[in-house]
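K.L.:
Sharing run.txt below, compact mmCIF, N, CA and C atoms:
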# COMPACT_ATOMS: atom_id res chain seq x y z
N MET A 1 20.59 -24.19 -26.85
CA MET A 1 21.15 -25.35 -27.51
C MET A 1 22.31 -24.91 -28.39
N ASN A 2 23.41 -25.57 -28.29
CA ASN A 2 24.58 -25.26 -29.10
C ASN A 2 24.57 -26.16 -30.33
N ILE A 3 24.55 -25.55 -31.48
CA ILE A 3 24.63 -26.32 -32.71
C ILE A 3 25.86 -25.87 -33.46
N SER A 4 26.75 -26.78 -33.70
CA SER A 4 27.96 -26.50 -34.45
C SER A 4 27.66 -26.74 -35.92
N CYS A 5 28.69 -26.82 -36.73
CA CYS A 5 28.51 -27.05 -38.16
C CYS A 5 27.82 -28.40 -38.38
N ASN A 6 26.82 -28.38 -39.24
CA ASN A 6 26.08 -29.60 -39.55
C ASN A 6 26.60 -30.28 -40.81
N HIS A 7 27.68 -29.78 -41.38
CA HIS A 7 28.32 -30.36 -42.56
C HIS A 7 27.26 -30.73 -43.60
N CYS A 8 26.50 -29.72 -43.97
CA CYS A 8 25.34 -29.86 -44.85
C CYS A 8 25.70 -30.48 -46.20
N SER A 9 24.71 -31.12 -46.81
CA SER A 9 24.88 -31.64 -48.16
C SER A 9 24.95 -30.51 -49.18
N LYS A 10 24.22 -29.42 -48.89
CA LYS A 10 24.23 -28.24 -49.76
C LYS A 10 24.58 -27.01 -48.91
N PRO A 11 25.84 -26.90 -48.48
CA PRO A 11 26.23 -25.82 -47.56
C PRO A 11 26.13 -24.43 -48.20
N ALA A 12 25.37 -23.57 -47.57
CA ALA A 12 25.21 -22.19 -48.05
C ALA A 12 26.50 -21.40 -47.88
N CYS A 13 27.30 -21.76 -46.92
CA CYS A 13 28.55 -21.03 -46.65
C CYS A 13 29.53 -21.10 -47.81
N ILE A 14 29.52 -22.21 -48.54
CA ILE A 14 30.46 -22.37 -49.66
C ILE A 14 30.20 -21.34 -50.75
N ASP A 15 28.94 -21.22 -51.17
CA ASP A 15 28.62 -20.25 -52.22
C ASP A 15 28.77 -18.82 -51.73
N ALA A 16 28.63 -18.60 -50.44
CA ALA A 16 28.71 -17.24 -49.89
C ALA A 16 30.14 -16.74 -49.77
N CYS A 17 31.10 -17.63 -49.71
CA CYS A 17 32.50 -17.23 -49.51
C CYS A 17 33.09 -16.71 -50.82
N PRO A 18 33.44 -15.42 -50.88
CA PRO A 18 33.96 -14.86 -52.12
C PRO A 18 35.37 -15.32 -52.49
N THR A 19 36.10 -15.89 -51.56
CA THR A 19 37.47 -16.32 -51.84
C THR A 19 37.57 -17.80 -52.21
N GLY A 20 36.48 -18.56 -52.00
CA GLY A 20 36.52 -20.00 -52.26
C GLY A 20 37.26 -20.77 -51.19
N ARG A 21 37.38 -20.18 -50.02
CA ARG A 21 38.11 -20.79 -48.91
C ARG A 21 37.38 -22.00 -48.32
N ILE A 22 36.06 -21.99 -48.38
CA ILE A 22 35.26 -23.07 -47.79
C ILE A 22 34.92 -24.08 -48.88
N TYR A 23 35.07 -25.35 -48.56
CA TYR A 23 34.79 -26.42 -49.52
C TYR A 23 34.29 -27.67 -48.80
N LYS A 24 33.73 -28.58 -49.54
CA LYS A 24 33.25 -29.85 -48.99
C LYS A 24 34.17 -30.94 -49.54
N GLU A 25 34.87 -31.62 -48.63
CA GLU A 25 35.77 -32.67 -49.09
C GLU A 25 34.96 -33.90 -49.48
N ASP A 26 35.50 -34.68 -50.40
CA ASP A 26 34.73 -35.76 -51.03
C ASP A 26 34.61 -37.04 -50.21
N THR A 27 35.62 -37.43 -49.47
CA THR A 27 35.62 -38.72 -48.81
C THR A 27 34.59 -38.83 -47.69
N TYR A 28 34.55 -37.85 -46.80
CA TYR A 28 33.67 -37.91 -45.63
C TYR A 28 32.53 -36.90 -45.69
N GLY A 29 32.55 -36.00 -46.66
CA GLY A 29 31.51 -34.98 -46.77
C GLY A 29 31.63 -33.88 -45.74
N ILE A 30 32.83 -33.67 -45.21
CA ILE A 30 33.05 -32.66 -44.19
C ILE A 30 33.27 -31.31 -44.85
N VAL A 31 32.63 -30.28 -44.32
CA VAL A 31 32.80 -28.92 -44.82
C VAL A 31 34.02 -28.33 -44.11
N LEU A 32 35.00 -27.93 -44.89
CA LEU A 32 36.28 -27.46 -44.36
C LEU A 32 36.62 -26.06 -44.83
N ALA A 33 37.56 -25.43 -44.15
CA ALA A 33 38.12 -24.15 -44.57
C ALA A 33 39.56 -24.39 -44.97
N ASN A 34 39.91 -23.99 -46.19
CA ASN A 34 41.27 -24.14 -46.68
C ASN A 34 42.13 -23.05 -46.05
N GLU A 35 43.00 -23.45 -45.15
CA GLU A 35 43.83 -22.50 -44.40
C GLU A 35 44.83 -21.77 -45.29
N GLU A 36 45.09 -22.31 -46.49
CA GLU A 36 46.03 -21.67 -47.40
C GLU A 36 45.42 -20.49 -48.15
N ILE A 37 44.10 -20.41 -48.15
CA ILE A 37 43.41 -19.28 -48.79
C ILE A 37 43.06 -18.28 -47.70
N PRO A 38 43.50 -17.05 -47.82
CA PRO A 38 43.23 -16.06 -46.77
C PRO A 38 41.74 -15.76 -46.60
N CYS A 39 41.33 -15.61 -45.35
CA CYS A 39 39.97 -15.18 -45.02
C CYS A 39 39.98 -13.65 -45.03
N ILE A 40 39.00 -13.05 -45.73
CA ILE A 40 38.94 -11.59 -45.79
C ILE A 40 38.00 -11.01 -44.73
N SER A 41 37.49 -11.86 -43.86
CA SER A 41 36.67 -11.45 -42.71
C SER A 41 35.40 -10.70 -43.10
N CYS A 42 34.81 -11.08 -44.22
CA CYS A 42 33.61 -10.38 -44.69
C CYS A 42 32.35 -10.80 -43.94
N GLY A 43 32.33 -12.01 -43.36
CA GLY A 43 31.18 -12.50 -42.61
C GLY A 43 30.06 -13.08 -43.45
N ARG A 44 30.25 -13.17 -44.76
CA ARG A 44 29.19 -13.70 -45.63
C ARG A 44 28.87 -15.16 -45.34
N CYS A 45 29.89 -15.94 -45.01
CA CYS A 45 29.66 -17.35 -44.71
C CYS A 45 28.78 -17.51 -43.47
N GLN A 46 29.05 -16.71 -42.45
CA GLN A 46 28.27 -16.77 -41.22
C GLN A 46 26.83 -16.34 -41.45
N LYS A 47 26.65 -15.29 -42.24
CA LYS A 47 25.29 -14.81 -42.54
C LYS A 47 24.51 -15.81 -43.37
N ALA A 48 25.18 -16.55 -44.24
CA ALA A 48 24.51 -17.52 -45.11
C ALA A 48 24.12 -18.79 -44.35
N CYS A 49 24.87 -19.12 -43.31
CA CYS A 49 24.63 -20.35 -42.55
C CYS A 49 23.42 -20.18 -41.64
N PRO A 50 22.42 -21.07 -41.75
CA PRO A 50 21.24 -20.97 -40.87
C PRO A 50 21.56 -21.07 -39.39
N TRP A 51 22.72 -21.63 -39.04
CA TRP A 51 23.10 -21.80 -37.65
C TRP A 51 24.24 -20.88 -37.25
N GLU A 52 24.69 -20.05 -38.16
CA GLU A 52 25.82 -19.15 -37.91
C GLU A 52 27.02 -19.91 -37.37
N ALA A 53 27.27 -21.10 -37.93
CA ALA A 53 28.36 -21.96 -37.47
C ALA A 53 29.75 -21.36 -37.68
N PRO A 54 30.02 -20.72 -38.82
CA PRO A 54 31.34 -20.09 -38.92
C PRO A 54 31.49 -18.98 -37.88
N GLN A 55 32.59 -18.98 -37.19
CA GLN A 55 32.86 -17.99 -36.15
C GLN A 55 34.12 -17.22 -36.53
N PHE A 56 34.25 -16.02 -35.99
CA PHE A 56 35.40 -15.18 -36.32
C PHE A 56 36.19 -14.89 -35.06
N TYR A 57 37.48 -15.17 -35.13
CA TYR A 57 38.38 -14.96 -34.01
C TYR A 57 39.66 -14.30 -34.51
N THR A 58 40.24 -13.48 -33.66
CA THR A 58 41.54 -12.92 -33.96
C THR A 58 42.58 -13.87 -33.39
N ILE A 59 43.31 -14.50 -34.28
CA ILE A 59 44.31 -15.49 -33.88
C ILE A 59 45.68 -15.00 -34.35
N LEU A 60 46.33 -14.20 -33.51
CA LEU A 60 47.64 -13.66 -33.83
C LEU A 60 47.66 -12.94 -35.17
N LYS A 61 46.56 -12.35 -35.54
CA LYS A 61 46.47 -11.58 -36.78
C LYS A 61 45.77 -10.27 -36.50
N GLU A 62 45.82 -9.38 -37.44
CA GLU A 62 45.23 -8.06 -37.25
C GLU A 62 43.71 -8.07 -37.34
N ARG A 63 43.16 -8.96 -38.14
CA ARG A 63 41.70 -9.00 -38.29
C ARG A 63 41.19 -10.41 -38.00
N PRO A 64 39.91 -10.51 -37.67
CA PRO A 64 39.35 -11.83 -37.35
C PRO A 64 39.43 -12.79 -38.54
N VAL A 65 39.58 -14.05 -38.25
CA VAL A 65 39.64 -15.10 -39.26
C VAL A 65 38.51 -16.09 -38.98
N MET A 66 37.85 -16.55 -40.05
CA MET A 66 36.76 -17.50 -39.89
C MET A 66 37.33 -18.87 -39.50
N VAL A 67 36.73 -19.45 -38.46
CA VAL A 67 37.04 -20.81 -38.05
C VAL A 67 35.71 -21.54 -37.89
N LYS A 68 35.74 -22.86 -38.08
CA LYS A 68 34.53 -23.65 -37.92
C LYS A 68 34.90 -25.09 -37.57
N CYS A 69 33.96 -25.80 -37.08
CA CYS A 69 34.15 -27.21 -36.75
C CYS A 69 34.57 -27.96 -38.01
N ASP A 70 35.62 -28.76 -37.89
CA ASP A 70 36.04 -29.61 -39.01
C ASP A 70 35.77 -31.09 -38.69
N LEU A 71 34.90 -31.31 -37.72
CA LEU A 71 34.48 -32.64 -37.28
C LEU A 71 35.68 -33.50 -36.87
N CYS A 72 36.76 -32.80 -36.47
CA CYS A 72 38.00 -33.48 -36.08
C CYS A 72 38.42 -34.47 -37.16
N MET A 73 38.48 -33.97 -38.38
CA MET A 73 38.81 -34.83 -39.52
C MET A 73 40.10 -35.61 -39.31
N GLU A 74 41.09 -34.98 -38.66
CA GLU A 74 42.35 -35.68 -38.43
C GLU A 74 42.15 -36.91 -37.55
N ARG A 75 41.12 -36.91 -36.71
CA ARG A 75 40.79 -38.08 -35.89
C ARG A 75 40.01 -39.09 -36.71
N ILE A 76 39.05 -38.62 -37.49
CA ILE A 76 38.20 -39.51 -38.29
C ILE A 76 39.02 -40.34 -39.27
N VAL A 77 39.99 -39.72 -39.94
CA VAL A 77 40.79 -40.46 -40.93
C VAL A 77 41.63 -41.56 -40.28
N THR A 78 41.86 -41.47 -38.97
CA THR A 78 42.60 -42.52 -38.27
C THR A 78 41.67 -43.51 -37.56
N GLY A 79 40.35 -43.35 -37.78
CA GLY A 79 39.39 -44.28 -37.19
C GLY A 79 38.87 -43.88 -35.83
N LEU A 80 39.24 -42.70 -35.35
CA LEU A 80 38.77 -42.23 -34.05
C LEU A 80 37.50 -41.39 -34.20
N LYS A 81 36.77 -41.25 -33.11
CA LYS A 81 35.59 -40.40 -33.08
C LYS A 81 36.01 -38.94 -32.94
N PRO A 82 35.17 -38.01 -33.39
CA PRO A 82 35.46 -36.60 -33.12
C PRO A 82 35.60 -36.38 -31.61
N ALA A 83 36.40 -35.41 -31.22
CA ALA A 83 36.68 -35.17 -29.80
C ALA A 83 35.41 -34.93 -29.00
N CYS A 84 34.45 -34.20 -29.55
CA CYS A 84 33.22 -33.92 -28.80
C CYS A 84 32.45 -35.21 -28.51
N VAL A 85 32.42 -36.13 -29.47
CA VAL A 85 31.74 -37.41 -29.28
C VAL A 85 32.48 -38.26 -28.25
N ALA A 86 33.79 -38.33 -28.38
CA ALA A 86 34.59 -39.14 -27.45
C ALA A 86 34.53 -38.60 -26.03
N ALA A 87 34.42 -37.29 -25.87
CA ALA A 87 34.46 -36.68 -24.54
C ALA A 87 33.10 -36.54 -23.86
N CYS A 88 32.01 -36.74 -24.58
CA CYS A 88 30.68 -36.52 -24.01
C CYS A 88 30.37 -37.57 -22.94
N PRO A 89 30.26 -37.15 -21.67
CA PRO A 89 30.03 -38.13 -20.60
C PRO A 89 28.64 -38.77 -20.64
N MET A 90 27.69 -38.11 -21.27
CA MET A 90 26.33 -38.64 -21.32
C MET A 90 26.05 -39.43 -22.60
N ARG A 91 27.07 -39.56 -23.45
CA ARG A 91 26.93 -40.26 -24.73
C ARG A 91 25.76 -39.70 -25.53
N ALA A 92 25.63 -38.39 -25.49
CA ALA A 92 24.54 -37.72 -26.19
C ALA A 92 24.88 -37.42 -27.65
N LEU A 93 26.12 -37.63 -28.03
CA LEU A 93 26.56 -37.33 -29.39
C LEU A 93 27.04 -38.60 -30.08
N GLU A 94 26.83 -38.65 -31.38
CA GLU A 94 27.35 -39.74 -32.19
C GLU A 94 27.65 -39.16 -33.56
N ALA A 95 28.68 -39.64 -34.19
CA ALA A 95 29.04 -39.17 -35.53
C ALA A 95 29.21 -40.36 -36.45
N GLY A 96 28.93 -40.14 -37.69
CA GLY A 96 29.08 -41.20 -38.69
C GLY A 96 28.28 -40.85 -39.92
N GLU A 97 28.26 -41.75 -40.86
CA GLU A 97 27.49 -41.52 -42.07
C GLU A 97 26.01 -41.40 -41.71
N LEU A 98 25.36 -40.36 -42.20
CA LEU A 98 23.98 -40.08 -41.82
C LEU A 98 23.05 -41.26 -42.14
N LYS A 99 23.23 -41.89 -43.28
CA LYS A 99 22.37 -43.02 -43.65
C LYS A 99 22.48 -44.15 -42.62
N GLY A 100 23.70 -44.45 -42.20
CA GLY A 100 23.90 -45.50 -41.19
C GLY A 100 23.30 -45.14 -39.85
N LEU A 101 23.42 -43.86 -39.45
CA LEU A 101 22.83 -43.42 -38.19
C LEU A 101 21.31 -43.53 -38.23
N LYS A 102 20.72 -43.17 -39.35
CA LYS A 102 19.27 -43.26 -39.49
C LYS A 102 18.80 -44.71 -39.44
N GLU A 103 19.54 -45.60 -40.07
CA GLU A 103 19.19 -47.02 -40.03
C GLU A 103 19.32 -47.58 -38.63
N ARG A 104 20.40 -47.24 -37.96
CA ARG A 104 20.66 -47.77 -36.61
C ARG A 104 19.64 -47.26 -35.59
N HIS A 105 19.16 -46.04 -35.79
CA HIS A 105 18.25 -45.42 -34.83
C HIS A 105 16.91 -45.10 -35.48
N SER A 106 16.43 -45.96 -36.35
CA SER A 106 15.24 -45.67 -37.16
C SER A 106 14.00 -45.33 -36.34
N GLU A 107 13.86 -45.90 -35.17
CA GLU A 107 12.67 -45.64 -34.35
C GLU A 107 12.85 -44.49 -33.38
N ASP A 108 14.09 -44.06 -33.21
CA ASP A 108 14.40 -43.15 -32.12
C ASP A 108 14.73 -41.71 -32.49
N TYR A 109 14.73 -41.38 -33.76
CA TYR A 109 15.15 -40.02 -34.10
C TYR A 109 14.03 -39.24 -34.77
N THR A 110 14.23 -37.95 -34.79
CA THR A 110 13.33 -37.06 -35.51
C THR A 110 14.18 -36.13 -36.36
N GLU A 111 13.72 -35.84 -37.57
CA GLU A 111 14.42 -34.88 -38.40
C GLU A 111 13.80 -33.52 -38.14
N GLN A 112 14.64 -32.57 -37.85
CA GLN A 112 14.17 -31.23 -37.55
C GLN A 112 14.25 -30.37 -38.80
N ALA A 113 13.23 -29.57 -39.03
CA ALA A 113 13.23 -28.63 -40.14
C ALA A 113 13.74 -27.28 -39.63
N ILE A 114 14.96 -27.29 -39.11
CA ILE A 114 15.52 -26.05 -38.57
C ILE A 114 16.41 -25.41 -39.62
N GLY A 115 16.35 -24.10 -39.67
CA GLY A 115 17.18 -23.37 -40.61
C GLY A 115 16.64 -23.30 -42.02
N LEU A 116 15.51 -23.92 -42.27
CA LEU A 116 14.99 -23.96 -43.63
C LEU A 116 14.48 -22.62 -44.11
N GLU A 117 14.21 -21.70 -43.16
CA GLU A 117 13.73 -20.38 -43.56
C GLU A 117 14.78 -19.61 -44.33
N ARG A 118 16.04 -20.03 -44.25
CA ARG A 118 17.12 -19.36 -44.98
C ARG A 118 17.63 -20.22 -46.12
N GLY A 119 16.88 -21.19 -46.53
CA GLY A 119 17.28 -22.05 -47.64
C GLY A 119 17.54 -23.47 -47.17
N ASN A 120 17.17 -24.42 -47.99
CA ASN A 120 17.35 -25.81 -47.62
C ASN A 120 18.79 -26.23 -47.89
N THR A 121 19.55 -26.41 -46.84
CA THR A 121 20.95 -26.80 -46.95
C THR A 121 21.16 -28.29 -46.75
N ASP A 122 20.09 -29.03 -46.47
CA ASP A 122 20.17 -30.46 -46.16
C ASP A 122 21.22 -30.75 -45.09
N PRO A 123 20.95 -30.28 -43.85
CA PRO A 123 21.91 -30.52 -42.78
C PRO A 123 22.05 -32.01 -42.49
N ASN A 124 23.25 -32.44 -42.23
CA ASN A 124 23.53 -33.83 -41.92
C ASN A 124 23.52 -34.02 -40.41
N ILE A 125 22.32 -33.95 -39.85
CA ILE A 125 22.15 -34.06 -38.41
C ILE A 125 20.77 -34.66 -38.12
N ILE A 126 20.71 -35.49 -37.11
CA ILE A 126 19.43 -35.98 -36.62
C ILE A 126 19.42 -35.76 -35.11
N PHE A 127 18.23 -35.72 -34.55
CA PHE A 127 18.08 -35.52 -33.11
C PHE A 127 17.36 -36.73 -32.54
N ARG A 128 17.88 -37.25 -31.44
CA ARG A 128 17.22 -38.35 -30.76
C ARG A 128 16.01 -37.82 -30.06
N LYS A 129 14.96 -38.61 -30.01
CA LYS A 129 13.78 -38.24 -29.25
C LYS A 129 14.15 -38.20 -27.78
N ARG A 130 13.50 -37.33 -27.04
CA ARG A 130 13.79 -37.16 -25.62
C ARG A 130 13.71 -38.49 -24.88
N GLY A 131 14.68 -38.70 -24.04
CA GLY A 131 14.71 -39.92 -23.22
C GLY A 131 15.51 -41.06 -23.83
N ASN A 132 15.89 -40.95 -25.11
CA ASN A 132 16.67 -42.00 -25.75
C ASN A 132 18.14 -41.61 -25.76
N THR A 133 19.02 -42.57 -25.59
CA THR A 133 20.44 -42.30 -25.64
C THR A 133 21.08 -43.17 -26.70
N PHE A 134 22.22 -42.74 -27.19
CA PHE A 134 22.93 -43.53 -28.20
C PHE A 134 23.63 -44.69 -27.57
Mind turning this structure into structure tokens?
P.N.:
Amino acid sequence: MNISCNHCSKPACIDACPTGRIYKEDTYGIVLANEEIPCISCGRCQKACPWEAPQFYTILKERPVMVKCDLCMERIVTGLKPACVAACPMRALEAGELKGLKERHSEDYTEQAIGLERGNTDPNIIFRKRGNTF
């Protein structure tokens, strides 16, 4: 199962980053990386994340740089769905405010206690019960 960034309410990656590059923006609650602050490639953010969502890639630079899902924020601010949601042919993905998703799918979802062994980060994700589609 592929799990990307869950844009947690209490993201462990933020406190783990020694440069302060990772932050949670206020409007949508998306966990972002400030591209203006250099990544020192220490890997602390990835180790702190229960899902190891931050990834390191060499992008025209000498050392790997941390990249992570930004929930296609540039699409969200214009009213569009994240690219993964828009492109999913099985409609297995949905994005939005967690409270609204829980209300809309109150009978059909389960909250998973995944990643809690490394600290409760309050992931903003729910899983549909098998056989249900959005």
K.L.:
Which residue, A:Ala86, A:Asp122, A:Cys13, A:Asp26, has the smallest gap to Gln55 of chain A when you use only C-alpha atoms?
P.N.:
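Of the candidates, the smallest distance to Gln55 of chain A is held by A:Cys13.
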K.L.:
Using all atoms listed in the file, determine which residues lie at most 8 Å from Pro64 of chain A, disregarding the query and same-chain residues fewer than 4 positions distant; provide the list as a list in words.
P.N.:
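Selected residues are Cys39, Ile40, Ser41, Cys42, Gln55, Phe56, Tyr57, Thr58 and Ile59 of chain A.
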K.L.:
Which one of A:Thr19, A:Asn120, A:Ser106, A:Ser4 sits closest to Cys69 of chain A if you count only N, CA and C atoms?
P.N.:
A:Ser4
K.L.:
So that I can check the secondary structure, give me every residue of chain A assigned strand (DSSP E) by backbone DSSP, as a ChimeraX atom specification.
P.N.:
/A:22-24,31-33,55-57,65-67,109-110,127-128
K.L.:
List the neighbours of Ala12 of chain A out to 6 Å using only N, CA and C atoms; skip same-chain residues closer than 2 positions along the sequence, and give me the result as a short mmCIF file (atom, residue, chain, number, x, y, z; two decimals) with N, CA and C atoms, keeping the file's coordinate frame.
P.N.:
data_model
loop_
_atom_site.label_atom_id
_atom_site.label_comp_id
_atom_site.auth_asym_id
_atom_site.auth_seq_id
_atom_site.Cartn_x
_atom_site.Cartn_y
_atom_site.Cartn_z
N LYS A 10 24.22 -29.42 -48.89
CA LYS A 10 24.23 -28.24 -49.76
C LYS A 10 24.58 -27.01 -48.91
N ILE A 14 29.52 -22.21 -48.54
CA ILE A 14 30.46 -22.37 -49.66
C ILE A 14 30.20 -21.34 -50.75
N ASP A 15 28.94 -21.22 -51.17
CA ASP A 15 28.62 -20.25 -52.22
C ASP A 15 28.77 -18.82 -51.73
N ALA A 16 28.63 -18.60 -50.44
CA ALA A 16 28.71 -17.24 -49.89
C ALA A 16 30.14 -16.74 -49.77
N ALA A 48 25.18 -16.55 -44.24
CA ALA A 48 24.51 -17.52 -45.11
C ALA A 48 24.12 -18.79 -44.35
N CYS A 49 24.87 -19.12 -43.31
CA CYS A 49 24.63 -20.35 -42.55
C CYS A 49 23.42 -20.18 -41.64
N THR A 121 19.55 -26.41 -46.84
CA THR A 121 20.95 -26.80 -46.95
C THR A 121 21.16 -28.29 -46.75
#
K.L.:
Quick one: of A:Ala83, A:Cys5, A:Val67, A:Cys17, who's nearest to Glu35 of chain A, counting only C-alpha atoms?
P.N.:
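Residue with the minimum atom-to-atom distance to Glu35 of chain A: A:Val67.
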K.L.:
Work out how far apart atom N of Pro89 of chain A and atom C of Asp70 of chain A are and give it in Å to one decimal.
P.N.:
18.9 Å
K.L.:
Which one is closest to Ile22 of chain A: A:Glu62, A:Ile76, A:Lys68, A:Lys47? Count only C-alpha atoms.
P.N.:
A:Lys68
K.L.:
Generate all heavy atoms for segment 32-40 of chain A and emit them as a short mmCIF file (atom, residue, chain, number, x, y, z; two decimals), keeping the file's coordinate frame.
P.N.:
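Output file part12.cif follows:
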data_model
loop_
_atom_site.label_atom_id
_atom_site.label_comp_id
_atom_site.auth_asym_id
_atom_site.auth_seq_id
_atom_site.Cartn_x
_atom_site.Cartn_y
_atom_site.Cartn_z
N LEU A 32 35.00 -27.93 -44.89
CA LEU A 32 36.28 -27.46 -44.36
C LEU A 32 36.62 -26.06 -44.83
O LEU A 32 36.07 -25.59 -45.83
CB LEU A 32 37.41 -28.41 -44.79
CG LEU A 32 37.29 -29.86 -44.32
CD1 LEU A 32 38.32 -30.73 -45.03
CD2 LEU A 32 37.49 -29.94 -42.82
N ALA A 33 37.56 -25.43 -44.15
CA ALA A 33 38.12 -24.15 -44.57
C ALA A 33 39.56 -24.39 -44.97
O ALA A 33 40.35 -24.94 -44.19
CB ALA A 33 38.04 -23.14 -43.44
N ASN A 34 39.91 -23.99 -46.19
CA ASN A 34 41.27 -24.14 -46.68
C ASN A 34 42.13 -23.05 -46.05
O ASN A 34 41.99 -21.88 -46.38
CB ASN A 34 41.28 -24.02 -48.20
CG ASN A 34 42.65 -24.25 -48.79
OD1 ASN A 34 43.66 -24.14 -48.11
ND2 ASN A 34 42.68 -24.56 -50.07
N GLU A 35 43.00 -23.45 -45.15
CA GLU A 35 43.83 -22.50 -44.40
C GLU A 35 44.83 -21.77 -45.29
O GLU A 35 45.38 -20.76 -44.90
CB GLU A 35 44.54 -23.20 -43.26
CG GLU A 35 43.60 -23.84 -42.25
CD GLU A 35 42.70 -22.85 -41.54
OE1 GLU A 35 43.15 -21.72 -41.27
OE2 GLU A 35 41.54 -23.20 -41.26
N GLU A 36 45.09 -22.31 -46.49
CA GLU A 36 46.03 -21.67 -47.40
C GLU A 36 45.42 -20.49 -48.15
O GLU A 36 46.13 -19.69 -48.74
CB GLU A 36 46.59 -22.70 -48.37
CG GLU A 36 47.44 -23.75 -47.67
CD GLU A 36 48.00 -24.78 -48.62
OE1 GLU A 36 47.97 -24.58 -49.85
OE2 GLU A 36 48.47 -25.81 -48.12
N ILE A 37 44.10 -20.41 -48.15
CA ILE A 37 43.41 -19.28 -48.79
C ILE A 37 43.06 -18.28 -47.70
O ILE A 37 42.37 -18.63 -46.73
CB ILE A 37 42.15 -19.75 -49.54
CG1 ILE A 37 42.53 -20.72 -50.66
CG2 ILE A 37 41.38 -18.55 -50.09
CD1 ILE A 37 41.35 -21.34 -51.38
N PRO A 38 43.50 -17.05 -47.82
CA PRO A 38 43.23 -16.06 -46.77
C PRO A 38 41.74 -15.76 -46.60
O PRO A 38 41.00 -15.69 -47.58
CB PRO A 38 43.97 -14.81 -47.25
CG PRO A 38 44.88 -15.25 -48.34
CD PRO A 38 44.31 -16.51 -48.90
N CYS A 39 41.33 -15.61 -45.35
CA CYS A 39 39.97 -15.18 -45.02
C CYS A 39 39.98 -13.65 -45.03
O CYS A 39 40.84 -13.02 -44.43
CB CYS A 39 39.59 -15.69 -43.63
SG CYS A 39 38.01 -15.06 -43.02
N ILE A 40 39.00 -13.05 -45.73
CA ILE A 40 38.94 -11.59 -45.79
C ILE A 40 38.00 -11.01 -44.73
O ILE A 40 37.73 -9.82 -44.71
CB ILE A 40 38.55 -11.09 -47.20
CG1 ILE A 40 37.16 -11.60 -47.60
CG2 ILE A 40 39.61 -11.52 -48.22
CD1 ILE A 40 36.63 -10.98 -48.89
#
